[in-house]
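Structure data follow from protein.csv (CSV, C-alpha atoms):
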```csv
chain,number,residue,atom,x,y,z
F,1,MET,CA,-71.9,-51.8,49.7
F,2,LEU,CA,-74.1,-48.9,50.6
F,3,ALA,CA,-71.2,-46.9,52.0
F,4,ILE,CA,-69.2,-47.5,48.8
F,5,GLN,CA,-72.1,-46.5,46.7
F,6,LYS,CA,-72.5,-43.2,48.6
F,7,ALA,CA,-68.8,-42.5,48.3
F,8,VAL,CA,-69.0,-43.1,44.5
F,9,GLU,CA,-71.9,-40.7,44.2
F,10,ARG,CA,-70.2,-38.1,46.5
F,11,LYS,CA,-67.1,-38.2,44.4
F,12,GLN,CA,-69.2,-38.1,41.2
F,13,LEU,CA,-67.3,-41.1,39.7
F,14,THR,CA,-68.6,-42.5,36.4
F,15,TYR,CA,-68.9,-46.0,35.2
F,16,PRO,CA,-67.1,-48.1,34.3
F,17,LEU,CA,-64.9,-48.0,37.4
F,18,ILE,CA,-61.5,-49.4,37.9
F,19,CYS,CA,-61.0,-51.1,41.2
F,20,LYS,CA,-57.5,-51.7,42.4
F,21,THR,CA,-57.5,-54.1,45.3
F,22,ARG,CA,-54.3,-52.9,46.9
F,23,VAL,CA,-51.8,-50.0,46.4
F,24,ALA,CA,-48.2,-50.8,45.5
F,25,HIS,CA,-46.2,-48.6,47.9
F,26,GLY,CA,-48.2,-47.2,50.8
F,27,SER,CA,-50.1,-44.1,51.5
F,28,ARG,CA,-48.3,-41.7,49.1
F,29,SER,CA,-48.8,-43.8,46.0
F,30,HIS,CA,-52.1,-42.3,44.9
F,31,GLU,CA,-52.1,-38.9,46.5
F,32,VAL,CA,-52.0,-36.9,43.2
F,33,GLN,CA,-54.6,-38.9,41.3
F,34,PHE,CA,-57.9,-37.4,40.3
F,35,SER,CA,-61.4,-38.5,41.4
F,36,VAL,CA,-60.5,-41.5,43.4
F,37,ILE,CA,-61.9,-43.3,46.5
F,38,LEU,CA,-59.4,-44.9,48.9
F,39,LEU,CA,-60.9,-47.7,50.9
F,40,ASN,CA,-58.4,-48.7,53.7
F,41,TYR,CA,-55.6,-49.4,51.2
F,42,SER,CA,-52.0,-50.5,52.1
F,43,HIS,CA,-49.7,-52.7,50.1
F,44,LYS,CA,-49.0,-54.7,46.9
F,45,LEU,CA,-51.2,-53.7,44.0
F,46,ARG,CA,-51.9,-56.6,41.6
F,47,ARG,CA,-55.5,-57.7,41.3
F,48,MET,CA,-57.8,-55.3,39.5
F,49,SER,CA,-61.4,-55.2,38.2
F,50,LEU,CA,-63.7,-53.2,35.9
F,51,ILE,CA,-67.1,-52.5,37.4
F,52,PHE,CA,-69.8,-51.4,35.0
F,53,SER,CA,-72.8,-50.6,37.3
F,54,GLN,CA,-73.9,-50.0,40.9
F,55,ALA,CA,-74.7,-53.7,41.2
F,56,GLY,CA,-71.0,-54.5,40.5
F,57,LEU,CA,-69.9,-52.6,43.6
F,58,ARG,CA,-70.7,-55.8,45.6
F,59,ASP,CA,-67.5,-57.2,44.0
F,60,THR,CA,-65.3,-54.7,45.7
F,61,ARG,CA,-63.1,-56.0,48.5
F,62,PRO,CA,-61.4,-53.3,50.6
F,63,PRO,CA,-58.7,-52.3,50.9
F,64,CYS,CA,-59.0,-50.9,47.4
F,65,VAL,CA,-58.9,-47.8,45.2
F,66,LEU,CA,-61.8,-46.8,42.9
F,67,GLN,CA,-61.3,-44.6,39.9
F,68,SER,CA,-63.4,-43.6,36.9
F,69,PHE,CA,-62.2,-45.5,33.8
F,70,VAL,CA,-60.9,-43.2,31.1
F,71,ASN,CA,-60.9,-44.4,27.5
F,72,HIS,CA,-57.3,-44.0,26.3
F,73,GLY,CA,-56.9,-46.1,23.2
F,74,ALA,CA,-55.2,-49.0,25.0
F,75,VAL,CA,-51.9,-47.1,25.4
F,76,LEU,CA,-50.2,-46.6,28.7
F,77,HIS,CA,-47.3,-44.1,29.0
F,78,LYS,CA,-44.8,-45.2,31.7
F,79,VAL,CA,-42.7,-42.2,32.7
F,80,PHE,CA,-39.4,-42.9,34.5
F,81,VAL,CA,-37.9,-39.9,36.3
F,82,VAL,CA,-34.1,-39.7,37.0
F,83,GLY,CA,-33.3,-36.4,38.5
F,84,GLU,CA,-33.7,-33.7,35.8
F,85,GLN,CA,-34.3,-36.3,33.1
F,86,HIS,CA,-37.3,-38.4,32.3
F,87,PHE,CA,-37.9,-41.2,29.9
F,88,THR,CA,-41.2,-42.4,28.4
F,89,VAL,CA,-42.0,-46.0,27.4
F,90,GLU,CA,-45.2,-47.0,25.8
F,91,ARG,CA,-47.0,-50.2,27.1
F,92,PRO,CA,-50.2,-51.9,26.2
F,93,SER,CA,-53.3,-51.1,28.4
F,94,LEU,CA,-57.0,-51.7,28.6
F,95,LYS,CA,-59.1,-51.2,25.5
F,96,ASN,CA,-61.9,-48.7,25.3
F,97,PHE,CA,-65.3,-49.4,26.9
F,98,PRO,CA,-68.7,-47.6,26.5
F,99,THR,CA,-69.6,-45.1,29.1
F,100,GLY,CA,-71.9,-46.7,31.7
F,101,PRO,CA,-73.7,-47.7,33.7
F,102,TYR,CA,-74.9,-50.8,31.9
F,103,ASP,CA,-75.6,-54.4,32.7
F,104,ARG,CA,-72.3,-56.4,32.4
F,105,LYS,CA,-70.5,-58.7,34.8
F,106,THR,CA,-67.4,-57.4,36.6
F,107,ILE,CA,-64.2,-58.2,34.7
F,108,PHE,CA,-61.3,-59.3,36.9
F,109,PHE,CA,-57.7,-59.3,35.8
F,110,ASN,CA,-54.1,-58.9,36.9
F,111,SER,CA,-52.3,-55.7,36.1
F,112,HIS,CA,-49.4,-57.6,34.6
F,113,GLU,CA,-51.7,-59.2,32.1
F,114,VAL,CA,-52.4,-56.0,30.3
F,115,SER,CA,-49.4,-53.6,30.9
F,116,LYS,CA,-46.2,-55.6,30.4
F,117,PRO,CA,-44.3,-55.3,27.1
F,118,GLU,CA,-45.1,-58.9,26.2
F,119,SER,CA,-48.7,-58.7,27.3
F,120,CYS,CA,-51.3,-60.2,24.9
F,121,SER,CA,-54.8,-60.1,26.2
F,122,HIS,CA,-58.3,-59.7,24.7
F,123,LEU,CA,-58.7,-56.8,27.2
F,124,THR,CA,-56.1,-54.8,25.2
F,125,ALA,CA,-57.3,-55.5,21.7
F,126,LEU,CA,-58.6,-52.4,19.9
F,127,ASP,CA,-60.7,-52.2,16.8
F,128,GLU,CA,-58.2,-51.8,14.0
F,129,THR,CA,-60.3,-49.0,12.4
F,130,MET,CA,-60.0,-46.8,15.5
F,131,PRO,CA,-57.4,-43.9,15.1
F,132,ARG,CA,-54.4,-44.1,17.3
F,133,VAL,CA,-54.2,-41.7,20.2
F,134,PRO,CA,-51.4,-39.1,19.8
F,135,ALA,CA,-48.5,-39.3,22.1
F,136,PRO,CA,-48.3,-36.6,24.9
F,137,SER,CA,-46.3,-33.5,23.9
F,138,ASP,CA,-42.8,-33.1,25.3
F,139,ASP,CA,-43.9,-29.8,26.9
F,140,ALA,CA,-46.8,-31.4,28.8
F,141,MET,CA,-44.5,-34.2,30.1
F,142,VAL,CA,-41.8,-31.8,31.2
F,143,ALA,CA,-44.4,-29.7,33.1
F,144,MET,CA,-46.0,-32.8,34.7
F,145,VAL,CA,-42.6,-34.2,35.8
F,146,LYS,CA,-41.6,-30.8,37.3
F,147,GLU,CA,-44.8,-30.5,39.3
F,148,LEU,CA,-44.6,-34.1,40.5
F,149,ARG,CA,-41.0,-33.7,41.7
F,150,ALA,CA,-42.0,-30.6,43.6
F,151,GLU,CA,-45.1,-32.2,45.1
F,152,LEU,CA,-43.4,-35.5,46.0
F,153,GLY,CA,-40.0,-34.1,47.0
F,154,MET,CA,-38.4,-37.0,45.0
F,155,ALA,CA,-36.1,-37.3,42.1
F,156,LEU,CA,-36.3,-41.0,41.4
F,157,PHE,CA,-39.8,-42.4,40.7
F,158,GLY,CA,-42.1,-43.7,38.0
F,159,VAL,CA,-45.6,-42.6,36.9
F,160,ASP,CA,-48.2,-44.1,34.7
F,161,VAL,CA,-50.0,-41.7,32.4
F,162,ILE,CA,-52.9,-42.1,30.0
F,163,MET,CA,-54.4,-39.7,27.4
F,164,ASN,CA,-58.2,-39.3,27.1
F,165,ILE,CA,-59.2,-40.2,23.5
F,166,ASP,CA,-61.8,-37.5,23.4
F,167,THR,CA,-60.2,-34.5,25.2
F,168,HIS,CA,-56.5,-35.5,24.8
F,169,THR,CA,-56.0,-34.5,28.5
F,170,LEU,CA,-53.5,-36.4,30.6
F,171,THR,CA,-54.5,-38.4,33.6
F,172,ILE,CA,-52.0,-39.8,36.2
F,173,ILE,CA,-53.3,-43.3,37.2
F,174,ASP,CA,-50.4,-44.5,39.3
F,175,ILE,CA,-47.1,-43.4,40.9
F,176,ASN,CA,-44.4,-46.0,41.6
F,177,ILE,CA,-41.7,-45.0,44.1
F,178,PHE,CA,-39.7,-48.2,43.4
F,179,PRO,CA,-39.8,-48.5,39.5
F,180,GLY,CA,-37.7,-51.1,37.8
F,181,TYR,CA,-36.7,-48.7,35.0
F,182,GLU,CA,-37.2,-51.6,32.5
F,183,GLY,CA,-36.8,-50.5,28.9
F,184,VAL,CA,-35.1,-47.2,29.9
F,185,PRO,CA,-32.1,-46.4,27.8
F,186,GLN,CA,-28.9,-45.1,29.5
F,187,PHE,CA,-30.5,-45.5,32.9
F,188,PHE,CA,-27.2,-46.0,34.8
F,189,SER,CA,-25.5,-43.1,33.1
F,190,SER,CA,-28.5,-40.9,33.9
F,191,LEU,CA,-28.4,-42.1,37.5
F,192,LEU,CA,-24.7,-41.4,37.7
F,193,SER,CA,-25.2,-37.9,36.3
F,194,HIS,CA,-27.9,-37.2,38.9
F,195,ILE,CA,-25.7,-38.4,41.8
F,196,GLU,CA,-22.8,-36.2,40.5
F,197,ASN,CA,-25.2,-33.2,40.4
F,198,LEU,CA,-26.2,-33.9,44.0
F,199,LEU,CA,-22.5,-34.1,45.1
F,200,ASP,CA,-21.7,-30.9,43.2
F,201,THR,CA,-24.5,-28.9,45.0
F,202,PRO,CA,-24.0,-29.7,48.7
F,203,HIS,CA,-26.3,-26.9,49.8
F,204,ASP,CA,-29.2,-28.0,47.7
F,205,THR,CA,-31.0,-30.7,49.8
F,206,LYS,CA,-34.4,-30.5,48.2
F,207,HIS,CA,-34.2,-33.9,46.6
F,208,ARG,CA,-31.6,-35.6,48.9
F,209,SER,CA,-34.2,-38.0,50.3
F,210,SER,CA,-34.4,-39.7,46.9
```
Please render this file's structure as C-alpha cells.
Amino acid sequence: MLAIQKAVERKQLTYPLICKTRVAHGSRSHEVQFSVILLNYSHKLRRMSLIFSQAGLRDTRPPCVLQSFVNHGAVLHKVFVVGEQHFTVERPSLKNFPTGPYDRKTIFFNSHEVSKPESCSHLTALDETMPRVPAPSDDAMVAMVKELRAELGMALFGVDVIMNIDTHTLTIIDINIFPGYEGVPQFFSSLLSHIENLLDTPHDTKHRSS
C-alpha cells in the first residue's frame, strides 16, 4: 500500500479516488486521460470502487487504474465516433461526493450498475434541488474528437466524457476501441458513408487501420 500511497501523492491525486480494477481494451485504453495511475493493468474493466481516504488504499487490487473523482452531476456523455461524424448519448453516472479525504468505507460497484440506460442505483441519485450540468458545446466536442482521432490514429471508437460541475471543463474518463454503438441513430448509414469515403480516397491511409 505504501507504494500506491506514494504514487497518489506524486501524481497529486485528490480524494475521492475512482479505482478501476481492470482496463477494457489493453494498453492504449487510458493513454489520454488526465492524472491517472496505472498499476499493472491489462484486460476487462468491470469492477470499480470509490476510495475516500488514504486508509482506503488498502482496498486496491492491482492491476488497476486510479483517478481523482470529478463531480459531474451524475451525467455521463458517451461519444461515438464514426469517421468524420460523432454522436453523443447521455447516460446516468455517479452522483456528486464531497471533496476528501474523509472517513468513509470504500464503495464497491460494477460499472454497468451506474452507466447503462436502464441503470437505477442509489449511487446515481442526485439531490433534486441541484441544478443540471449543461451539455458540452458542439464546438468543444468537435475539437475533442478531432484531436483524439489524430492522437489515436483511429476513426471508429467511443469515448466517455464528463463535465466538471464547478469549472464546466471536460474530462475524458475512458476510451473504448470496440464500442457497441448502442443508442446511436443511423449508425449503419454513417459507417457506410465512412467506408465509401475511404474507398474514394485511396491515397489517404491515415485512418485505414480503423
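Using all atoms listed in the file, the nearest neighbour of F:Gly83 within the list F:Val65, F:Leu192, F:Val161, F:Leu170 is F:Leu192.
Counting all atoms listed in the file, the residue from F:Thr167, F:Thr21, F:Ser121, F:Ser49 that sits nearest to F:Ala74 is F:Ser121.
Counting all atoms listed in the file, the residue from F:Ile165, F:Met130, F:Val82, F:Ala125 that sits nearest to F:Gln186 is F:Val82.
The two atoms in question, atom CA of F:Ile195 and atom CA of F:Asp160, are spaced 24.3 Å apart.
The residue that comes closest to F:Val81, out of F:Ser190, F:Thr171, F:Asn197, F:Gln5 and on the basis of all atoms listed in the file, is F:Ser190.
Distance annotation: of F:Lys95, F:His168, F:Lys6, F:Lys78, the residue with the minimal separation from F:Thr124 is F:Lys95; atom set is only C-alpha atoms.
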Judged by only C-alpha atoms, the minimum distance to F:Lys11 among F:Val133, F:Met48, F:Phe108, F:Ser68 is found for F:Ser68
What separates atom CA of F:Pro134 and atom CA of F:Gln12 is a distance of 27.9 Å
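The space between atom CA of F:Ile172 and atom CA of F:Ser193 spans 26.9 Å.
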Check your understanding: Any idea what's packed within 12 Å of F:Lys105, counting all atoms listed in the file, ignoring anything in its chain fewer than 4 positions away? Could you give it as a ChimeraX atom specification?
Key -> /F:16,49-59,101
For F:His112, please output as a VMD selection string all residues within 12 Å (counting all atoms listed in the file; exclusion window: fewer than 3 positions along the same chain). chain F and resid 45 to 48 91 to 94 109 115 to 121 123 to 124
_At a cut-off of 10 Å, using all atoms listed in the file, what residues contact F:His194? Leave out same-chain residues fewer than 6 positions from it and give the result as number ranges by chain._
F: 82-85, 155-156, 188, 200
Selection from above, C-alpha atoms, as an mmCIF file, in the coordinates of the input, can you write it?
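out01.cif, freshly written:
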```
data_model
loop_
_atom_site.group_PDB
_atom_site.id
_atom_site.type_symbol
_atom_site.label_atom_id
_atom_site.label_comp_id
_atom_site.auth_asym_id
_atom_site.auth_seq_id
_atom_site.Cartn_x
_atom_site.Cartn_y
_atom_site.Cartn_z
ATOM 1 C CA VAL F 82 -34.100 -39.700 37.000
ATOM 2 C CA GLY F 83 -33.300 -36.400 38.500
ATOM 3 C CA GLU F 84 -33.700 -33.700 35.800
ATOM 4 C CA GLN F 85 -34.300 -36.300 33.100
ATOM 5 C CA ALA F 155 -36.100 -37.300 42.100
ATOM 6 C CA LEU F 156 -36.300 -41.000 41.400
ATOM 7 C CA PHE F 188 -27.200 -46.000 34.800
ATOM 8 C CA ASP F 200 -21.700 -30.900 43.200
#
```
